[in-house]
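Coordinates from input.csv are shown below (CSV, C-alpha atoms).
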```csv
chain,number,residue,atom,x,y,z
A,80,MET,CA,-28.1,75.4,91.4
A,81,ALA,CA,-25.5,75.7,94.1
A,82,ILE,CA,-22.0,74.4,93.3
A,83,ARG,CA,-20.9,71.7,95.7
A,84,ALA,CA,-17.8,72.4,97.7
A,85,LEU,CA,-16.3,69.0,96.9
A,86,HIS,CA,-16.6,69.6,93.2
A,87,LEU,CA,-15.2,73.1,93.4
A,88,THR,CA,-12.1,72.0,95.2
A,89,ILE,CA,-10.8,70.4,92.0
A,90,VAL,CA,-9.8,73.9,90.8
A,91,PRO,CA,-7.8,75.0,93.9
A,92,HIS,CA,-6.2,71.5,94.1
A,93,ALA,CA,-4.9,71.9,90.6
A,94,LEU,CA,-3.7,75.5,91.3
A,95,ALA,CA,-2.0,74.2,94.5
A,96,VAL,CA,0.0,71.7,92.5
A,97,ALA,CA,0.9,74.3,89.9
A,98,ALA,CA,2.0,76.8,92.6
A,99,ALA,CA,4.1,74.2,94.4
A,100,VAL,CA,5.9,73.2,91.2
A,101,MET,CA,6.5,76.8,90.2
A,102,VAL,CA,8.0,77.9,93.5
A,103,LEU,CA,10.2,74.8,93.6
A,104,VAL,CA,11.4,75.4,90.0
A,105,TRP,CA,12.1,79.0,90.9
A,106,CYS,CA,14.1,78.2,94.1
A,107,ILE,CA,15.9,75.1,92.9
A,108,TYR,CA,16.4,75.7,89.2
A,109,PHE,CA,16.7,79.5,89.0
A,110,ARG,CA,18.0,80.3,92.5
A,111,GLY,CA,20.4,77.3,93.0
A,112,GLY,CA,18.7,75.1,95.5
A,113,LEU,CA,17.7,74.8,99.1
A,114,ALA,CA,19.9,74.5,102.2
A,115,TRP,CA,19.5,74.8,106.0
A,116,ALA,CA,23.2,75.7,106.3
A,117,SER,CA,25.5,76.9,103.4
A,118,SER,CA,28.2,79.3,102.6
A,119,ASN,CA,25.8,80.6,99.9
A,120,LYS,CA,23.3,82.3,102.2
A,121,ASN,CA,20.8,82.7,99.3
A,122,LEU,CA,20.2,78.9,99.5
A,123,ILE,CA,19.0,79.4,103.1
A,124,PHE,CA,16.6,82.1,102.0
A,125,ASN,CA,15.2,79.9,99.3
A,126,LEU,CA,13.6,77.8,102.0
A,127,HIS,CA,11.5,80.7,103.0
A,128,PRO,CA,9.2,81.0,99.9
A,129,VAL,CA,9.0,77.2,99.6
A,130,LEU,CA,7.9,76.7,103.2
A,131,MET,CA,5.6,79.7,103.3
A,132,LEU,CA,3.8,78.9,100.0
A,133,ILE,CA,3.6,75.1,100.3
A,134,GLY,CA,3.7,74.7,104.0
A,135,PHE,CA,1.6,77.7,105.1
A,136,ILE,CA,-0.5,79.0,102.2
A,137,ILE,CA,-1.4,75.7,100.5
A,138,LEU,CA,-1.8,73.5,103.6
A,139,GLY,CA,-3.7,76.3,105.3
A,140,GLY,CA,-6.0,76.4,102.3
A,141,GLU,CA,-6.4,72.7,102.4
A,142,ALA,CA,-7.3,72.9,106.1
A,143,ILE,CA,-10.0,75.4,105.3
A,144,MET,CA,-11.5,73.4,102.4
A,145,SER,CA,-11.4,70.1,104.2
A,146,TYR,CA,-14.0,71.2,106.7
A,147,LYS,CA,-16.5,72.3,104.1
A,148,SER,CA,-15.9,69.8,101.3
A,149,LEU,CA,-15.1,66.4,102.7
A,150,PRO,CA,-18.1,64.0,102.9
A,151,LEU,CA,-17.1,62.8,106.3
A,152,SER,CA,-18.5,63.1,109.8
A,153,LYS,CA,-18.1,66.4,111.6
A,154,ASP,CA,-15.7,65.0,114.2
A,155,VAL,CA,-13.4,63.5,111.6
A,156,LYS,CA,-13.4,66.7,109.5
A,157,LYS,CA,-12.7,68.8,112.7
A,158,LEU,CA,-9.7,66.6,113.4
A,159,ILE,CA,-8.4,66.9,109.8
A,160,HIS,CA,-9.0,70.6,109.9
A,161,LEU,CA,-7.1,71.0,113.2
A,162,VAL,CA,-4.1,68.9,112.2
A,163,LEU,CA,-3.6,70.5,108.8
A,164,HIS,CA,-3.8,74.0,110.4
A,165,ALA,CA,-1.2,72.8,113.0
A,166,ILE,CA,1.2,71.6,110.3
A,167,ALA,CA,0.7,74.8,108.3
A,168,LEU,CA,1.4,76.9,111.5
A,169,ILE,CA,4.6,74.9,112.3
A,170,LEU,CA,5.9,75.1,108.7
A,171,GLY,CA,5.0,78.8,108.6
A,172,ILE,CA,7.0,79.4,111.8
A,173,ILE,CA,10.0,77.5,110.4
A,174,GLY,CA,9.6,79.5,107.2
A,175,ILE,CA,9.8,82.8,109.0
A,176,TYR,CA,12.8,81.5,111.0
A,177,THR,CA,14.7,80.8,107.8
A,178,ALA,CA,14.2,84.4,106.7
A,179,PHE,CA,15.7,85.6,110.0
A,180,LYS,CA,18.5,83.0,109.7
A,181,TYR,CA,19.3,84.3,106.3
A,182,HIS,CA,19.3,87.9,107.4
A,183,ASN,CA,21.4,87.3,110.5
A,184,GLU,CA,24.0,85.2,108.7
A,185,SER,CA,24.1,87.8,105.8
A,186,SER,CA,24.3,90.8,108.2
A,187,ILE,CA,21.0,92.2,107.0
A,188,VAL,CA,18.7,94.0,109.4
A,189,ASN,CA,15.4,92.3,110.3
A,190,LEU,CA,11.8,93.6,110.2
A,191,TYR,CA,12.3,96.6,108.0
A,192,SER,CA,9.7,95.9,105.4
A,193,LEU,CA,5.9,95.9,105.2
A,194,HIS,CA,6.1,92.2,104.2
A,195,SER,CA,8.0,91.3,107.4
A,196,TRP,CA,5.7,93.3,109.6
A,197,LEU,CA,2.6,91.7,108.1
A,198,GLY,CA,4.2,88.3,108.2
A,199,MET,CA,4.8,88.5,112.0
A,200,GLY,CA,1.3,89.8,112.6
A,201,ILE,CA,-0.3,87.0,110.5
A,202,ILE,CA,1.6,84.2,112.1
A,203,VAL,CA,0.7,85.5,115.6
A,204,LEU,CA,-3.0,85.8,114.6
A,205,TYR,CA,-2.9,82.3,113.0
A,206,GLY,CA,-1.5,80.9,116.2
A,207,ILE,CA,-4.1,82.6,118.4
A,208,GLN,CA,-6.8,81.4,116.1
A,209,TRP,CA,-5.5,77.8,116.2
A,210,ILE,CA,-5.2,77.8,120.0
A,211,TYR,CA,-8.6,79.3,120.6
A,212,GLY,CA,-10.2,76.8,118.1
A,213,PHE,CA,-8.5,73.9,119.8
A,214,LEU,CA,-9.6,74.9,123.3
A,215,VAL,CA,-13.2,75.9,122.4
A,216,PHE,CA,-14.1,73.5,119.6
A,217,PHE,CA,-11.9,70.5,120.2
A,218,TYR,CA,-10.4,70.0,123.7
A,219,PRO,CA,-11.5,70.5,126.4
A,220,GLY,CA,-14.3,72.2,124.5
A,221,GLY,CA,-16.4,75.1,125.4
A,222,SER,CA,-20.1,75.0,126.3
A,223,ALA,CA,-22.7,74.9,123.5
A,224,GLY,CA,-23.4,78.5,124.1
A,225,LEU,CA,-19.8,79.6,123.9
A,226,ARG,CA,-19.2,77.5,120.7
A,227,SER,CA,-22.3,79.0,119.1
A,228,GLU,CA,-21.3,82.6,119.9
A,229,SER,CA,-17.6,82.0,119.0
A,230,LEU,CA,-18.2,80.3,115.7
A,231,PRO,CA,-19.0,83.4,113.5
A,232,TRP,CA,-16.0,85.2,114.9
A,233,HIS,CA,-13.8,82.1,114.4
A,234,VAL,CA,-14.9,81.9,110.8
A,235,LEU,CA,-14.5,85.6,110.2
A,236,LEU,CA,-11.0,85.8,111.8
A,237,GLY,CA,-9.9,82.7,109.9
A,238,LEU,CA,-10.9,84.2,106.5
A,239,PHE,CA,-9.4,87.5,107.4
A,240,VAL,CA,-6.0,86.0,108.4
A,241,TYR,CA,-6.0,83.8,105.3
A,242,ILE,CA,-6.7,86.6,103.0
A,243,LEU,CA,-4.0,88.6,104.7
A,244,ALA,CA,-1.6,85.7,104.2
A,245,ILE,CA,-2.4,85.5,100.4
A,246,GLY,CA,-1.9,89.3,100.1
A,247,ASN,CA,1.4,89.2,102.0
A,248,ALA,CA,2.7,86.3,99.9
A,249,SER,CA,2.1,88.5,96.8
A,250,ILE,CA,4.0,91.3,98.4
A,251,GLY,CA,6.8,88.9,99.2
A,252,PHE,CA,7.1,87.8,95.6
A,253,LEU,CA,7.1,91.4,94.5
A,254,GLU,CA,9.7,92.4,97.0
A,255,LYS,CA,12.1,89.6,96.2
A,256,LEU,CA,11.7,90.1,92.4
A,257,THR,CA,12.3,93.8,92.8
A,258,PHE,CA,15.6,93.1,94.7
A,259,LEU,CA,16.7,90.7,92.0
A,260,GLU,CA,15.8,93.1,89.2
A,261,ASN,CA,17.7,95.9,90.9
A,262,SER,CA,20.7,93.5,91.0
A,263,GLY,CA,20.6,92.9,87.3
A,264,LEU,CA,17.9,90.2,86.7
A,265,ALA,CA,16.2,90.8,83.3
A,266,LYS,CA,12.8,92.3,83.8
A,267,TYR,CA,11.3,90.4,80.9
A,268,GLY,CA,13.3,87.2,81.5
A,269,ALA,CA,12.0,83.7,82.2
A,270,GLU,CA,12.6,84.0,86.0
A,271,ALA,CA,10.8,87.3,86.3
A,272,TYR,CA,7.8,85.8,84.5
A,273,LEU,CA,7.9,82.7,86.6
A,274,VAL,CA,7.8,84.7,89.9
A,275,ASN,CA,5.0,86.9,88.7
A,276,PHE,CA,2.9,84.0,87.5
A,277,THR,CA,3.6,82.1,90.8
A,278,ALA,CA,2.1,85.1,92.6
A,279,VAL,CA,-0.9,85.1,90.3
A,280,VAL,CA,-1.5,81.4,90.8
A,281,THR,CA,-1.2,81.9,94.5
A,282,ILE,CA,-3.9,84.6,94.5
A,283,LEU,CA,-6.2,82.4,92.4
A,284,TYR,CA,-5.7,79.5,94.8
A,285,GLY,CA,-6.6,81.7,97.7
A,286,ALA,CA,-9.7,83.0,95.9
A,287,PHE,CA,-11.0,79.5,95.2
A,288,VAL,CA,-10.3,78.5,98.8
A,289,ILE,CA,-12.6,81.3,99.8
A,290,PHE,CA,-15.2,80.4,97.2
A,291,THR,CA,-15.2,76.8,98.6
A,292,VAL,CA,-16.2,78.1,102.0
A,293,PHE,CA,-19.4,79.6,100.5
A,294,ALA,CA,-20.2,76.6,98.3
A,295,LYS,CA,-22.7,73.8,99.1
A,296,ALA,CA,-21.5,71.3,101.7
A,297,PRO,CA,-22.0,67.5,101.3
A,298,SER,CA,-25.7,66.5,101.6
A,299,GLU,CA,-25.2,64.8,104.9
A,300,ASP,CA,-23.6,67.9,106.3
A,301,ASP,CA,-25.9,70.6,104.8
A,302,ASN,CA,-27.0,71.8,108.2
A,303,SER,CA,-23.6,71.9,109.9
A,304,TYR,CA,-21.5,75.0,110.4
A,305,SER,CA,-18.6,76.0,108.2
A,306,ALA,CA,-15.8,76.5,110.6
A,307,ILE,CA,-12.5,77.8,109.3
```

In structure tokens, write the structure found in this file.
Amino acid sequence: MAIRALHLTIVPHALAVAAAVMVLVWCIYFRGGLAWASSNKNLIFNLHPVLMLIGFIILGGEAIMSYKSLPLSKDVKKLIHLVLHAIALILGIIGIYTAFKYHNESSIVNLYSLHSWLGMGIIVLYGIQWIYGFLVFFYPGGSAGLRSESLPWHVLLGLFVYILAIGNASIGFLEKLTFLENSGLAKYGAEAYLVNFTAVVTILYGAFVIFTVFAKAPSEDDNSYSAI
């Protein structure tokens, strides 16, 4: 018997709460807090993982799951899907800006790591995906033929970008933890374990978001498409 998407979302929702709490504990308790402007530039950087995980990864995942799992009309789900992705995109852009702000104010060069390269590419693809989806599937809306032809590619690109985002988040956790450990952080200390487990929970969350896409839609929507 196929698992219903609405029931399956219980797991990623729980993982999302766990990941959000963990990244906040890391950045506020272990790293000293969050700040837009501070003489301690590390507090500015701390906004980056919080915004990217909670704002981009988690809200982006909720946007994906909302379209497949909610027992609502297609038009309502489309609007929720669109708005959540828009919020995720905006918070992702702000999150990337905080990394640049931290680097610039700390006299650190930008865009030297794989994590930063992938991050820029992902946010650009995410933006293109959102704009195309808005124009073709929402307003002004493409022809029925264009929507039908675009849908499989919209779904495929959406999954590809989201999987890339999950992978890049893991690289980001690894990169930051490596920097901290090279600066003296205990490799088997509580903070190191917390960062690693946050990355693991993030990967599990992303996996269950993808599982939800392939789960059974609500009965009234069984014949509708599964747009990402």

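Rounded to one decimal, CA of Val292 in chain A and CA of Ala99 in chain A lie 22.0 Å from each other.
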
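Note that CA of Ile136 in chain A and CA of Leu163 in chain A are 11.2 Å apart.
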
Cut-off 12 Å: closest range 161-270 of chain A/range 145-152 of chain A atom pairs per residue, using only C-alpha atoms, as a tab-separated table:
```
residue	atom	partner	partner_atom	distance
A:Leu161	CA	A:Tyr146	CA	9.5
A:Val162	CA	A:Ser145	CA	10.9
A:Leu163	CA	A:Ser145	CA	9.1
A:His164	CA	A:Ser145	CA	10.6
A:Val234	CA	A:Tyr146	CA	11.5
```

Same residues, C-alpha atoms, output as a compact mmCIF listing (two decimals), keeping the file's coordinate frame:
```txt
# COMPACT_ATOMS: atom_id res chain seq x y z
CA LEU A 161 -7.10 71.00 113.20
CA VAL A 162 -4.10 68.90 112.20
CA LEU A 163 -3.60 70.50 108.80
CA HIS A 164 -3.80 74.00 110.40
CA VAL A 234 -14.90 81.90 110.80
```

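One finds CA of Val203 in chain A at 9.6 Å from CA of Leu168 in chain A.
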
Would you please work out which residue, of A:Arg83, A:Asn275, A:Asn183, A:Asn119, is nearest to Glu254 in chain A when using all atoms listed in the file?
-> A:Asn275

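Between His127 in chain A and the candidates A:Ala84, A:Leu259, A:Ile172, A:Ile289, the tightest atom-to-atom separation, counting all atoms listed in the file, involves A:Ile172.
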
Taking into account only C-alpha atoms, which residue in the set A:Ala294, A:Val129, A:Leu243, A:Leu238 is nearest to Gly200 in chain A?
-> A:Leu243

From A:Tyr205, A:Leu193, A:Lys255, A:Asn247, residue lying nearest Asn125 in chain A [all atoms listed in the file] = A:Lys255

Out of A:Met101, A:Met199, A:Ala93, A:Leu87, which residue has the shortest atom-to-atom distance to Ala269 in chain A when counting all atoms listed in the file?
-> A:Met101
